[in-house]
$ cat model.cif   # mmCIF, C-alpha atoms and all ligand atoms
data_data
#
loop_
_atom_site.label_atom_id
_atom_site.label_comp_id
_atom_site.auth_asym_id
_atom_site.auth_seq_id
_atom_site.Cartn_x
_atom_site.Cartn_y
_atom_site.Cartn_z
CA MET A 1343 0.00 0.00 0.00
CA ASP A 1344 1.47 3.35 -0.99
CA LEU A 1345 1.21 6.50 1.14
CA PRO A 1346 -2.07 7.74 -0.40
CA GLY A 1347 -3.52 4.24 0.16
CA LEU A 1348 -2.42 4.19 3.81
CA THR A 1349 -3.74 7.72 4.28
CA ASP A 1350 -7.15 6.67 2.91
CA LEU A 1351 -7.22 3.56 5.10
CA LEU A 1352 -6.40 5.45 8.28
CA ALA A 1353 -8.75 8.30 7.34
CA ALA A 1354 -11.55 5.72 7.10
CA TRP A 1355 -10.61 4.67 10.64
CA GLY A 1356 -10.83 8.31 11.77
CA GLU A 1357 -7.08 8.84 12.08
CA PRO A 1358 -5.33 12.10 11.02
CA ALA A 1359 -3.07 12.14 7.93
CA TYR A 1360 0.15 12.43 9.96
CA ARG A 1361 -0.51 8.96 11.42
CA ALA A 1362 -0.26 7.50 7.91
CA ARG A 1363 3.12 9.19 7.44
CA GLN A 1364 4.29 7.80 10.81
CA LEU A 1365 3.16 4.32 9.86
CA PHE A 1366 4.74 4.59 6.39
CA GLY A 1367 8.04 5.60 8.04
CA TRP A 1368 7.93 2.61 10.40
CA LEU A 1369 7.32 0.26 7.51
CA HIS A 1370 9.49 1.68 4.76
CA GLN A 1371 12.27 3.58 6.53
CA LYS A 1372 12.79 1.89 9.88
CA ASN A 1373 11.63 -1.46 8.45
CA ALA A 1374 9.88 -2.45 11.66
CA GLY A 1375 9.50 -6.19 12.05
CA ASP A 1376 6.71 -5.99 14.60
CA LEU A 1377 3.83 -3.65 15.44
CA ALA A 1378 5.13 -3.51 19.01
CA GLU A 1379 8.13 -1.50 17.74
CA MET A 1380 5.88 1.31 16.51
CA SER A 1381 6.04 3.06 19.85
CA ASP A 1382 4.57 6.41 18.80
CA LEU A 1383 1.37 4.89 17.39
CA PRO A 1384 -1.55 4.62 19.85
CA LYS A 1385 -2.09 1.09 21.21
CA ALA A 1386 -5.66 0.96 19.90
CA LEU A 1387 -4.45 1.72 16.37
CA ARG A 1388 -1.75 -0.94 16.57
CA ARG A 1389 -4.35 -3.44 17.74
CA ARG A 1390 -6.61 -2.63 14.81
CA LEU A 1391 -3.69 -2.87 12.39
CA ALA A 1392 -2.82 -6.29 13.83
CA GLU A 1393 -6.39 -7.47 13.39
CA GLU A 1394 -7.10 -6.09 9.95
CA THR A 1395 -3.82 -5.86 8.06
CA ASP A 1396 -0.77 -7.94 7.25
CA PHE A 1397 2.35 -5.86 7.01
CA GLN A 1398 5.17 -8.39 6.62
CA PRO A 1399 4.32 -10.75 3.79
CA LEU A 1400 7.54 -12.78 4.11
CA LYS A 1401 8.65 -15.32 6.67
CA LEU A 1402 12.36 -15.93 7.14
CA LEU A 1403 12.99 -19.66 6.64
CA ARG A 1404 16.72 -19.74 6.54
CA ARG A 1405 19.66 -17.38 6.80
CA GLN A 1406 23.15 -18.28 5.60
CA GLU A 1407 26.23 -16.18 5.96
CA SER A 1408 29.53 -16.54 4.08
CA ALA A 1409 32.62 -17.34 6.13
CA ALA A 1410 33.88 -13.79 5.59
CA GLY A 1411 30.56 -12.40 6.84
CA ASP A 1412 30.22 -10.13 3.80
CA THR A 1413 27.44 -12.04 2.06
CA VAL A 1414 24.13 -12.97 3.66
CA LYS A 1415 21.61 -15.11 1.88
CA LEU A 1416 18.00 -15.25 3.03
CA LEU A 1417 15.43 -17.87 2.11
CA LEU A 1418 11.97 -16.40 2.54
CA GLU A 1419 8.52 -17.90 2.39
CA LEU A 1420 5.54 -16.15 0.85
CA ALA A 1421 2.03 -16.41 2.24
CA ASP A 1422 1.13 -19.13 -0.30
CA GLY A 1423 4.15 -21.27 0.58
CA GLU A 1424 6.34 -20.26 -2.39
CA GLN A 1425 9.99 -19.77 -1.49
CA ILE A 1426 12.27 -17.05 -2.79
CA GLU A 1427 15.82 -15.89 -2.21
CA THR A 1428 17.42 -12.57 -1.41
CA VAL A 1429 21.13 -11.89 -1.09
CA LEU A 1430 22.82 -9.05 0.75
CA MET A 1431 26.38 -8.17 -0.30
CA LEU A 1432 28.39 -5.89 1.95
CA TYR A 1433 31.41 -3.89 0.82
CA ARG A 1434 33.49 -1.95 3.32
CA ARG A 1435 35.58 0.66 1.55
CA LYS A 1436 38.31 2.90 2.84
CA ASP A 1437 38.26 5.43 0.00
CA SER A 1438 34.53 5.81 -0.62
CA ARG A 1439 31.13 5.12 0.87
CA ASP A 1440 30.42 1.64 2.15
CA ARG A 1441 28.05 -0.28 -0.04
CA ALA A 1442 25.25 -2.63 0.95
CA THR A 1443 23.67 -4.18 -2.12
CA CYS A 1444 20.48 -6.18 -1.97
CA CYS A 1445 19.87 -8.69 -4.75
CA VAL A 1446 16.13 -9.29 -4.97
CA SER A 1447 13.89 -11.81 -6.68
CA SER A 1448 11.04 -10.63 -8.89
CA GLN A 1449 9.34 -14.02 -9.48
CA SER A 1450 9.34 -17.29 -7.57
CA GLY A 1451 10.73 -19.21 -10.57
CA CYS A 1452 11.22 -18.37 -14.22
CA ALA A 1453 9.69 -19.25 -17.58
CA MET A 1454 12.80 -18.44 -19.58
CA GLY A 1455 14.47 -21.79 -19.01
CA CYS A 1456 18.14 -20.80 -19.24
CA ALA A 1457 20.13 -24.03 -19.26
CA PHE A 1458 22.66 -22.97 -16.61
CA CYS A 1459 20.27 -21.37 -14.11
CA ALA A 1460 18.84 -23.04 -11.00
CA THR A 1461 15.80 -20.72 -11.03
CA GLY A 1462 14.91 -21.80 -14.56
CA GLN A 1463 14.06 -25.25 -13.16
CA TYR A 1464 11.06 -23.82 -11.31
CA ARG A 1465 8.46 -23.60 -14.03
CA ARG A 1466 5.54 -23.34 -11.60
CA PHE A 1467 5.96 -19.86 -10.34
CA ARG A 1468 4.29 -16.51 -10.11
CA ASN A 1469 5.08 -12.82 -10.20
CA LEU A 1470 5.90 -11.31 -6.84
CA THR A 1471 3.84 -8.39 -5.61
CA ALA A 1472 5.41 -5.01 -4.86
CA GLY A 1473 5.02 -5.81 -1.16
CA GLU A 1474 6.91 -9.09 -1.58
CA ILE A 1475 9.73 -7.32 -3.42
CA LEU A 1476 9.89 -4.65 -0.71
CA GLY A 1477 9.70 -7.29 2.03
CA GLN A 1478 12.95 -8.77 0.71
CA CYS A 1479 14.67 -5.37 0.67
CA TYR A 1480 13.57 -4.72 4.24
CA TRP A 1481 14.79 -8.07 5.57
CA ALA A 1482 18.12 -7.34 3.86
CA CYS A 1483 18.18 -3.78 5.17
CA ARG A 1484 17.71 -5.00 8.74
CA ALA A 1485 20.54 -7.51 8.24
CA ALA A 1486 22.79 -4.72 6.90
CA ARG A 1487 22.02 -2.52 9.89
CA GLU A 1488 22.79 -5.38 12.27
CA LYS A 1489 26.21 -5.47 10.66
CA GLY A 1490 26.82 -1.77 11.27
CA PHE A 1491 25.83 -0.44 7.84
CA ALA A 1492 23.53 2.58 7.56
CA GLY A 1493 21.07 0.66 5.39
CA LEU A 1494 20.83 -0.39 1.78
CA SER A 1495 22.77 1.63 -0.78
CA ASN A 1496 21.92 -0.38 -3.92
CA VAL A 1497 19.22 -2.73 -5.13
CA VAL A 1498 19.77 -5.12 -8.04
CA PHE A 1499 17.08 -7.29 -9.63
CA MET A 1500 19.37 -10.25 -10.15
CA GLY A 1501 17.69 -12.79 -7.91
CA MET A 1502 15.08 -15.28 -9.05
CA GLY A 1503 12.92 -14.48 -12.05
CA GLU A 1504 12.71 -12.15 -15.00
CA PRO A 1505 11.87 -8.64 -13.72
CA LEU A 1506 10.84 -7.32 -17.13
CA TYR A 1507 7.87 -9.73 -17.07
CA ASN A 1508 6.78 -8.17 -13.77
CA LEU A 1509 7.35 -4.50 -14.54
CA ASN A 1510 4.27 -3.05 -12.84
CA HIS A 1511 5.14 -4.58 -9.47
CA VAL A 1512 8.81 -3.72 -9.90
CA ALA A 1513 7.82 -0.11 -10.61
CA ALA A 1514 5.55 0.07 -7.55
CA ALA A 1515 8.31 -1.37 -5.33
CA LEU A 1516 10.81 1.16 -6.69
CA ALA A 1517 8.42 4.03 -5.99
CA ALA A 1518 8.38 3.00 -2.31
CA LEU A 1519 12.17 2.48 -2.19
CA GLU A 1520 12.70 5.94 -3.65
CA HIS A 1521 10.15 7.63 -1.39
CA PRO A 1522 11.70 10.32 0.86
CA LEU A 1523 9.84 8.83 3.85
CA GLY A 1524 11.18 5.38 2.91
CA LEU A 1525 14.78 4.38 2.19
CA ALA A 1526 15.07 7.36 -0.21
CA LEU A 1527 17.13 5.29 -2.61
CA SER A 1528 18.03 6.99 -5.88
CA HIS A 1529 16.94 5.28 -9.10
CA ARG A 1530 20.58 5.63 -10.11
CA ARG A 1531 21.38 2.96 -7.54
CA VAL A 1532 18.91 0.44 -8.89
CA THR A 1533 19.87 -2.12 -11.55
CA VAL A 1534 17.35 -4.24 -13.41
CA SER A 1535 18.81 -7.33 -15.04
CA THR A 1536 17.10 -9.03 -17.96
CA CYS A 1537 17.80 -11.99 -20.17
CA GLY A 1538 16.78 -9.65 -23.00
CA VAL A 1539 13.00 -9.36 -23.30
CA VAL A 1540 13.12 -6.94 -26.21
CA PRO A 1541 9.62 -5.33 -26.15
CA GLN A 1542 9.88 -4.79 -22.40
CA ILE A 1543 13.27 -3.05 -22.75
CA TYR A 1544 11.45 -0.42 -24.83
CA ARG A 1545 8.80 -0.10 -22.12
CA LEU A 1546 11.45 0.26 -19.43
CA SER A 1547 13.16 2.98 -21.43
CA GLU A 1548 10.04 5.13 -21.04
CA TRP A 1549 10.31 5.32 -17.26
CA GLU A 1550 10.71 8.86 -16.02
CA GLN A 1551 13.34 7.79 -13.50
CA PRO A 1552 15.50 5.44 -15.54
CA VAL A 1553 17.26 2.60 -13.79
CA GLU A 1554 20.49 0.94 -14.81
CA LEU A 1555 19.90 -1.86 -17.29
CA ALA A 1556 21.99 -5.03 -17.21
CA VAL A 1557 21.53 -7.49 -20.05
CA SER A 1558 22.49 -11.14 -19.63
CA LEU A 1559 24.26 -11.89 -22.88
CA HIS A 1560 26.52 -14.89 -22.18
CA SER A 1561 27.24 -15.43 -25.86
CA ALA A 1562 27.56 -13.27 -28.96
CA ASP A 1563 26.93 -16.33 -31.13
CA GLU A 1564 23.27 -16.44 -32.14
CA ALA A 1565 22.93 -20.24 -32.22
CA LEU A 1566 24.84 -20.86 -29.00
CA ARG A 1567 22.91 -18.15 -27.16
CA ARG A 1568 19.63 -19.68 -28.27
CA GLN A 1569 20.79 -23.03 -26.87
CA LEU A 1570 21.88 -21.52 -23.58
CA MET A 1571 18.91 -19.18 -23.26
CA PRO A 1572 15.96 -20.65 -25.18
CA GLY A 1573 13.42 -18.14 -23.85
CA ALA A 1574 15.52 -15.09 -24.63
CA GLY A 1575 16.49 -16.64 -27.98
CA ARG A 1576 13.07 -15.65 -29.34
CA TRP A 1577 14.66 -12.35 -30.20
CA SER A 1578 17.71 -12.06 -32.44
CA LEU A 1579 20.92 -10.46 -31.23
CA ALA A 1580 20.33 -7.66 -33.75
CA GLN A 1581 16.90 -6.94 -32.19
CA LEU A 1582 18.39 -7.09 -28.71
CA MET A 1583 21.22 -4.70 -29.54
CA GLU A 1584 18.81 -2.26 -31.21
CA ALA A 1585 16.64 -2.24 -28.05
CA CYS A 1586 19.71 -1.72 -25.86
CA ARG A 1587 20.93 1.18 -27.97
CA ALA A 1588 17.46 2.73 -27.85
CA TYR A 1589 17.57 2.39 -24.05
CA ARG A 1590 20.93 4.11 -23.99
CA ARG A 1591 19.73 6.91 -26.29
CA ARG A 1592 16.54 7.57 -24.32
CA THR A 1593 17.96 7.35 -20.83
CA GLY A 1594 21.61 8.37 -21.20
CA ARG A 1595 22.49 5.45 -18.91
CA ARG A 1596 25.50 3.27 -19.57
CA LEU A 1597 24.75 -0.25 -20.77
CA THR A 1598 26.00 -3.24 -18.84
CA PHE A 1599 26.18 -6.75 -20.25
CA GLU A 1600 26.60 -9.84 -18.10
CA TYR A 1601 28.81 -12.56 -19.50
CA ALA A 1602 28.98 -15.71 -17.35
CA LEU A 1603 31.93 -17.87 -18.35
CA PHE A 1604 31.06 -21.54 -18.81
CA LYS A 1605 33.87 -24.02 -19.20
CA GLY A 1606 34.28 -25.23 -22.77
CA VAL A 1607 31.14 -23.36 -23.88
CA ASN A 1608 31.77 -19.63 -24.31
CA ASP A 1609 35.27 -19.16 -22.86
CA SER A 1610 37.53 -19.23 -25.93
CA PRO A 1611 39.41 -16.25 -27.43
CA SER A 1612 37.25 -16.62 -30.56
CA ALA A 1613 34.14 -16.19 -28.37
CA ALA A 1614 35.77 -12.98 -27.10
CA ALA A 1615 36.27 -11.86 -30.71
CA GLN A 1616 32.57 -12.43 -31.45
CA LEU A 1617 31.74 -10.41 -28.35
CA ALA A 1618 33.95 -7.52 -29.49
CA ALA A 1619 32.31 -7.56 -32.91
CA LEU A 1620 28.83 -7.36 -31.35
CA LEU A 1621 29.51 -4.70 -28.74
CA THR A 1622 30.63 -1.67 -30.66
CA GLY A 1623 30.03 1.72 -29.05
CA GLU A 1624 31.96 3.29 -26.23
CA ASP A 1625 29.61 3.32 -23.27
CA ILE A 1626 29.30 -0.42 -22.74
CA LEU A 1627 30.60 -2.35 -19.75
CA VAL A 1628 30.84 -6.13 -19.72
CA ASN A 1629 30.76 -7.95 -16.40
CA ILE A 1630 32.60 -11.21 -16.83
CA ILE A 1631 31.50 -13.66 -14.15
CA PRO A 1632 32.91 -17.19 -13.82
CA ALA A 1633 29.91 -19.53 -13.65
CA ASN A 1634 28.44 -20.39 -10.32
CA PRO A 1635 28.21 -24.16 -10.11
CA VAL A 1636 24.64 -25.45 -9.86
CA GLU A 1637 24.01 -28.91 -8.47
CA GLY A 1638 23.05 -31.38 -11.16
CA SER A 1639 24.14 -29.04 -13.96
CA ALA A 1640 26.99 -29.65 -16.41
CA PHE A 1641 27.87 -25.95 -16.50
CA THR A 1642 30.97 -25.12 -14.49
CA ALA A 1643 33.51 -22.31 -14.32
CA PRO A 1644 36.63 -22.48 -16.50
CA SER A 1645 40.08 -22.84 -14.94
CA ALA A 1646 41.95 -19.74 -13.77
CA LYS A 1647 44.22 -20.05 -16.81
CA THR A 1648 41.30 -20.13 -19.29
CA ILE A 1649 39.72 -17.13 -17.56
CA GLU A 1650 43.01 -15.28 -17.87
CA ASN A 1651 43.27 -16.11 -21.58
CA PHE A 1652 39.71 -14.96 -22.15
CA THR A 1653 40.16 -11.65 -20.34
CA ALA A 1654 43.52 -11.09 -22.09
CA ALA A 1655 41.74 -11.51 -25.43
CA CYS A 1656 39.02 -9.05 -24.31
CA ARG A 1657 41.68 -6.53 -23.35
CA ARG A 1658 43.42 -6.87 -26.72
CA LEU A 1659 40.10 -6.45 -28.51
CA GLY A 1660 39.33 -3.24 -26.60
CA ILE A 1661 36.31 -4.61 -24.70
CA HIS A 1662 35.60 -2.53 -21.61
CA PHE A 1663 35.10 -5.19 -18.93
CA GLN A 1664 35.32 -6.06 -15.26
CA LEU A 1665 36.08 -9.53 -14.01
CA ARG A 1666 33.57 -9.95 -11.17
CA GLU A 1667 34.19 -12.04 -8.14
CA SER A 1668 31.58 -14.68 -7.62
CA ARG A 1669 30.36 -14.04 -4.11
CA GLY A 1670 29.12 -16.49 -1.57
CA GLN A 1671 29.79 -19.83 -3.25
CA ASP A 1672 30.00 -21.34 0.22
CA ILE A 1673 26.37 -20.35 0.71
CA ASP A 1674 24.95 -21.56 -2.61
CA GLY A 1675 25.60 -18.23 -4.31
CA ALA A 1676 23.82 -18.66 -7.65
CA CYS A 1677 20.18 -17.70 -7.84
CA GLY A 1678 17.70 -20.47 -7.14
CA GLN A 1679 20.25 -22.67 -5.40
CA LEU A 1680 19.32 -22.09 -1.80
CA ARG A 1681 15.70 -22.87 -2.51
CA LYS A 1682 16.81 -25.96 -4.40
CA ARG A 1683 19.02 -27.20 -1.57
CA ASN A 1684 16.24 -26.55 0.89
CA GLN A 1685 13.97 -28.79 -1.13
CA ILE A 1686 16.54 -31.50 -1.77
CA CYS A 1687 17.49 -31.66 1.87
CA GLY A 1688 13.88 -31.45 2.92
CA ASP A 1689 14.67 -30.34 6.46
CA ALA A 1690 11.74 -29.29 8.55
CA PHE A 1691 10.35 -27.09 5.82
CA ALA A 1692 7.22 -27.87 3.86
CA VAL A 1693 8.13 -28.75 0.30
CA ASP A 1694 5.77 -29.04 -2.61
CA PRO A 1695 7.00 -32.21 -4.34
CA ALA A 1696 5.85 -30.93 -7.72
CA PHE A 1697 8.38 -28.13 -7.75
CA GLY A 1698 11.34 -28.55 -10.00
CA GLU A 1699 9.62 -31.09 -12.23
N1 LIG B 1 16.31 -13.05 -15.20
C1 LIG B 1 17.23 -11.98 -15.16
C2 LIG B 1 17.69 -11.63 -13.77
C3 LIG B 1 17.93 -12.75 -12.78
S1 LIG B 1 19.28 -13.83 -13.14
C4 LIG B 1 18.44 -12.29 -16.04
O1 LIG B 1 18.53 -13.41 -16.51
O2 LIG B 1 19.23 -11.39 -16.27
C5 LIG B 1 20.68 -12.83 -12.64
C6 LIG B 1 21.96 -13.17 -13.36
O3 LIG B 1 22.48 -14.44 -12.90
C7 LIG B 1 21.82 -13.29 -14.88
O4 LIG B 1 22.87 -12.60 -15.51
C8 LIG B 1 21.94 -14.78 -15.07
O5 LIG B 1 22.31 -15.10 -16.37
C9 LIG B 1 22.96 -15.14 -14.02
N2 LIG B 1 23.08 -16.56 -13.70
C10 LIG B 1 22.11 -17.49 -13.56
N3 LIG B 1 22.64 -18.69 -13.26
C11 LIG B 1 23.98 -18.53 -13.22
C12 LIG B 1 25.09 -19.38 -12.97
N4 LIG B 1 24.92 -20.68 -12.70
N5 LIG B 1 26.34 -18.86 -13.00
C13 LIG B 1 26.53 -17.55 -13.28
N6 LIG B 1 25.53 -16.68 -13.52
C14 LIG B 1 24.27 -17.16 -13.51
FE1 LIG B 2 15.24 -16.76 -15.69
FE2 LIG B 2 17.34 -15.13 -15.54
FE3 LIG B 2 17.52 -17.68 -14.67
FE4 LIG B 2 17.32 -17.17 -17.29
S1 LIG B 2 19.00 -16.58 -15.93
S2 LIG B 2 16.16 -18.73 -16.16
S3 LIG B 2 15.97 -15.40 -17.32
S4 LIG B 2 16.24 -16.07 -13.84
#
$ encode --input "model.cif" --output "structure tokens" --more "lines below"
Ligand code: SAH
Ligand code: SF4
Amino acid sequence: MDLPGLTDLLAAWGEPAYRARQLFGWLHQKNAGDLAEMSDLPKALRRRLAEETDFQPLKLLRRQESAAGDTVKLLLELADGEQIETVLMLYRRKDSRDRATCCVSSQSGCAMGCAFCATGQYRRFRNLTAGEILGQCYWACRAAREKGFAGLSNVVFMGMGEPLYNLNHVAAALAALEHPLGLALSHRRVTVSTCGVVPQIYRLSEWEQPVELAVSLHSADEALRRQLMPGAGRWSLAQLMEACRAYRRRTGRRLTFEYALFKGVNDSPSAAAQLAALLTGEDILVNIIPANPVEGSAFTAPSAKTIENFTAACRRLGIHFQLRESRGQDIDGACGQLRKRNQICGDAFAVDPAFGE
């Protein structure tokens, strides 16, 4: 519920408008986990809220922390029993502001069926609501604060699901994240990652407050990309690049491409040459990410030597790239993996046996 919605609700209960702002602040800025924390709201109002509303749509099922303590992964349960993942990545920096990045899910599975992705195995899924997207950010924000960070500094839609197929809820969640009475996050600090849903990239480019767009490319070879990413392969690379350039023209934002390196698949110097030929234009950054191993999948990361050869070729070819560390492998870093492990291990958690079929 946005601020006007809360204001209307409380007005119908005979409460003044400033109460709605107080409540909004508790929910979206202080990320209260319990009505009891909302100490400046009258007890009678809190009681009525408890009886008639539900303000935390997500239950924490599991929390894993990397050995270094800089990555926290949360497994959360939605009201209908679906499970989703959220990752918090913490960066302490001497020379600039500390960063606390929350990686959120936008769906509880994905229809796109990428061969290397654990989330793609969950074909029975649904779009998350704005509240469920925000609920993840607020769990992560509380975890960041517990670790001495001021709050979240960045949000990336790189968790489970394809955010461009859930744009309305993503937009509503961003409006709350950017609200001055909420976390007041700038849209410049939000990244939306897509496997390349071309028509939706055009829709996203029309947003008044443009976010950073990251496109999962993984191969500049049309046939190989279609094999790796059958859903995204509906659109040709030419169509994808045209949409990306239109995004760049309309928003002025730099384009980022994700390139996960899979051993023996897309890690050769000739693959780098194809990449260079596709990505012409100066304001393009490529994030090269060694694959995250997924249980039961043949896709693995190349050796350090092969990675070095690939990045050396990129450098020679003038590709502007960053080799990204793969965070949190000790806590099932790749998206969809924690949920998968939870279901394989069973544990005490309810598991729908049809998932993953
Ligand atoms: N659906 C969107 C966003 C979520 S996936 C997208 O595909 O972009 C976030 C990123 O994780 C994508 O770049 C995706 O390709 C990547 N990814 C998925 N599985 C991976 C794996 N096993 N190793 C490395 N990256 C992976
Ligand atoms: Fe979906 Fe992204 Fe995973 Fe592909 S990589 S299956 S688009 S979540």
$ residues_around --input "model.cif" --residues "Thr1642 of chain A" --least-positions-apart "4" --cutoff "8 Å" --atoms "all atoms listed in the file" --output "list in words"
Phe1604, Lys1605, Ala1633, Asn1634, Pro1635 and Val1636 of chain A
$ residues_near_ligand --input "model.cif" --ligand "ligand LIG 1 (chain B)" --cutoff "8 Å" --atoms "all atoms listed in the file" --output "PyMOL selection string"
chain A and resi 1447+1452+1454+1456+1458-1461+1499-1505+1534-1538+1556-1560+1600-1604+1631-1636+1641-1642+1676-1677
$ residues_around --input "model.cif" --residues "Ala1562 of chain A" --least-positions-apart "4" --cutoff "10 Å" --atoms "all atoms listed in the file" --output "ChimeraX atom specification"
/A:1566-1567,1579,1601,1608,1613-1621
$ write_last_selection --input "model.cif" --atoms "C-alpha atoms" --output "PDB file, in the coordinates of the input"
ATOM      1  CA  LEU A1566      24.840 -20.860 -29.000  1.00  0.00           C
ATOM      2  CA  ARG A1567      22.910 -18.150 -27.160  1.00  0.00           C
ATOM      3  CA  LEU A1579      20.920 -10.460 -31.230  1.00  0.00           C
ATOM      4  CA  TYR A1601      28.810 -12.560 -19.500  1.00  0.00           C
ATOM      5  CA  ASN A1608      31.770 -19.630 -24.310  1.00  0.00           C
ATOM      6  CA  ALA A1613      34.140 -16.190 -28.370  1.00  0.00           C
ATOM      7  CA  ALA A1614      35.770 -12.980 -27.100  1.00  0.00           C
ATOM      8  CA  ALA A1615      36.270 -11.860 -30.710  1.00  0.00           C
ATOM      9  CA  GLN A1616      32.570 -12.430 -31.450  1.00  0.00           C
ATOM     10  CA  LEU A1617      31.740 -10.410 -28.350  1.00  0.00           C
ATOM     11  CA  ALA A1618      33.950  -7.520 -29.490  1.00  0.00           C
ATOM     12  CA  ALA A1619      32.310  -7.560 -32.910  1.00  0.00           C
ATOM     13  CA  LEU A1620      28.830  -7.360 -31.350  1.00  0.00           C
ATOM     14  CA  LEU A1621      29.510  -4.700 -28.740  1.00  0.00           C
TER      15      LEU A1621
END
$ residues_around --input "model.cif" --residues "Val1512 of chain A" --least-positions-apart "4" --cutoff "12 Å" --atoms "all atoms listed in the file" --output "CSV table (one decimal) with C-alpha atoms, in the frame of the given file"
chain,number,residue,atom,x,y,z
A,1446,VAL,CA,16.1,-9.3,-5.0
A,1447,SER,CA,13.9,-11.8,-6.7
A,1448,SER,CA,11.0,-10.6,-8.9
A,1449,GLN,CA,9.3,-14.0,-9.5
A,1469,ASN,CA,5.1,-12.8,-10.2
A,1470,LEU,CA,5.9,-11.3,-6.8
A,1471,THR,CA,3.8,-8.4,-5.6
A,1472,ALA,CA,5.4,-5.0,-4.9
A,1473,GLY,CA,5.0,-5.8,-1.2
A,1474,GLU,CA,6.9,-9.1,-1.6
A,1475,ILE,CA,9.7,-7.3,-3.4
A,1476,LEU,CA,9.9,-4.6,-0.7
A,1497,VAL,CA,19.2,-2.7,-5.1
A,1498,VAL,CA,19.8,-5.1,-8.0
A,1499,PHE,CA,17.1,-7.3,-9.6
A,1503,GLY,CA,12.9,-14.5,-12.0
A,1504,GLU,CA,12.7,-12.2,-15.0
A,1505,PRO,CA,11.9,-8.6,-13.7
A,1506,LEU,CA,10.8,-7.3,-17.1
A,1507,TYR,CA,7.9,-9.7,-17.1
A,1508,ASN,CA,6.8,-8.2,-13.8
A,1516,LEU,CA,10.8,1.2,-6.7
A,1517,ALA,CA,8.4,4.0,-6.0
A,1518,ALA,CA,8.4,3.0,-2.3
A,1519,LEU,CA,12.2,2.5,-2.2
A,1532,VAL,CA,18.9,0.4,-8.9
A,1533,THR,CA,19.9,-2.1,-11.6
A,1534,VAL,CA,17.4,-4.2,-13.4
A,1535,SER,CA,18.8,-7.3,-15.0
A,1546,LEU,CA,11.4,0.3,-19.4
A,1549,TRP,CA,10.3,5.3,-17.3
A,1553,VAL,CA,17.3,2.6,-13.8
$ closest_residue --input "model.cif" --among "A:Ala1646, A:Met1343, A:Leu1597, A:Ala1513" --to "Thr1622 of chain A" --atoms "all atoms listed in the file"
A:Leu1597
$ axis_aligned_box --input "model.cif" --around "ligand LIG 2 (chain B)" --padding-each-side "8 Å" --output "lines of an AutoDock Vina configuration file"
center_x = 17.1
center_y = -16.9
center_z = -15.6
size_x = 19.8
size_y = 19.6
size_z = 19.5
$ atom_distance --input "model.cif" --atom1 "atom CA of Gln1581 of chain A" --atom2 "atom CA of Glu1554 of chain A"
19.4 Å
$ residues_near_point --input "model.cif" --point "(24.9, -6.6, -0.9)" --cutoff "8 Å" --atoms "only C-alpha atoms" --output "list in words"
Asp1412, Thr1413, Val1414, Val1429, Leu1430, Met1431, Leu1432, Tyr1433, Arg1441, Ala1442, Thr1443, Cys1444, Cys1445, Leu1494 and Asn1496 of chain A
$ closest_residue --input "model.cif" --among "A:Ser1561, A:Gln1463, A:Gln1542, A:Ser1495" --to "ligand LIG 2 (chain B)" --atoms "only C-alpha atoms and all ligand atoms"
A:Gln1463
$ closest_residue --input "model.cif" --among "A:Ile1543, A:Leu1627, A:Ala1457, A:Leu1523" --to "ligand LIG 2 (chain B)" --atoms "all atoms listed in the file"
A:Ala1457
$ closest_residue --input "model.cif" --among "A:His1662, A:Ala1453, A:Asn1651, A:Ala1359" --to "Pro1572 of chain A" --atoms "all atoms listed in the file"
A:Ala1453
$ atom_distance --input "model.cif" --atom1 "atom CA of Gly1356 of chain A" --atom2 "atom CA of Asp1344 of chain A"
18.4 Å
$ atom_distance --input "model.cif" --atom1 "atom CA of Arg1405 of chain A" --atom2 "atom CA of Ala1486 of chain A"
13.0 Å
$ residues_near_point --input "model.cif" --point "(34.2, -8.2, -12.9)" --cutoff "8 Å" --atoms "all atoms listed in the file" --output "mmCIF file with C-alpha atoms, in the coordinates of the input"
data_model
loop_
_atom_site.group_PDB
_atom_site.id
_atom_site.type_symbol
_atom_site.label_atom_id
_atom_site.label_comp_id
_atom_site.auth_asym_id
_atom_site.auth_seq_id
_atom_site.Cartn_x
_atom_site.Cartn_y
_atom_site.Cartn_z
ATOM 1 C CA VAL A 1628 30.840 -6.130 -19.720
ATOM 2 C CA ASN A 1629 30.760 -7.950 -16.400
ATOM 3 C CA ILE A 1630 32.600 -11.210 -16.830
ATOM 4 C CA ILE A 1631 31.500 -13.660 -14.150
ATOM 5 C CA PHE A 1663 35.100 -5.190 -18.930
ATOM 6 C CA GLN A 1664 35.320 -6.060 -15.260
ATOM 7 C CA LEU A 1665 36.080 -9.530 -14.010
ATOM 8 C CA ARG A 1666 33.570 -9.950 -11.170
ATOM 9 C CA GLU A 1667 34.190 -12.040 -8.140
#
$ residues_around --input "model.cif" --residues "Ala1421 of chain A" --least-positions-apart "3" --cutoff "12 Å" --atoms "all atoms listed in the file" --output "mmCIF file with C-alpha atoms, keeping the file's coordinate frame"
data_model
loop_
_atom_site.group_PDB
_atom_site.id
_atom_site.type_symbol
_atom_site.label_atom_id
_atom_site.label_comp_id
_atom_site.auth_asym_id
_atom_site.auth_seq_id
_atom_site.Cartn_x
_atom_site.Cartn_y
_atom_site.Cartn_z
ATOM 1 C CA ASP A 1396 -0.770 -7.940 7.250
ATOM 2 C CA PHE A 1397 2.350 -5.860 7.010
ATOM 3 C CA GLN A 1398 5.170 -8.390 6.620
ATOM 4 C CA PRO A 1399 4.320 -10.750 3.790
ATOM 5 C CA LEU A 1400 7.540 -12.780 4.110
ATOM 6 C CA LYS A 1401 8.650 -15.320 6.670
ATOM 7 C CA LEU A 1402 12.360 -15.930 7.140
ATOM 8 C CA LEU A 1418 11.970 -16.400 2.540
ATOM 9 C CA GLU A 1424 6.340 -20.260 -2.390
ATOM 10 C CA GLN A 1425 9.990 -19.770 -1.490
ATOM 11 C CA ILE A 1426 12.270 -17.050 -2.790
ATOM 12 C CA LEU A 1470 5.900 -11.310 -6.840
ATOM 13 C CA THR A 1471 3.840 -8.390 -5.610
ATOM 14 C CA GLY A 1473 5.020 -5.810 -1.160
ATOM 15 C CA GLU A 1474 6.910 -9.090 -1.580
ATOM 16 C CA GLY A 1477 9.700 -7.290 2.030
#
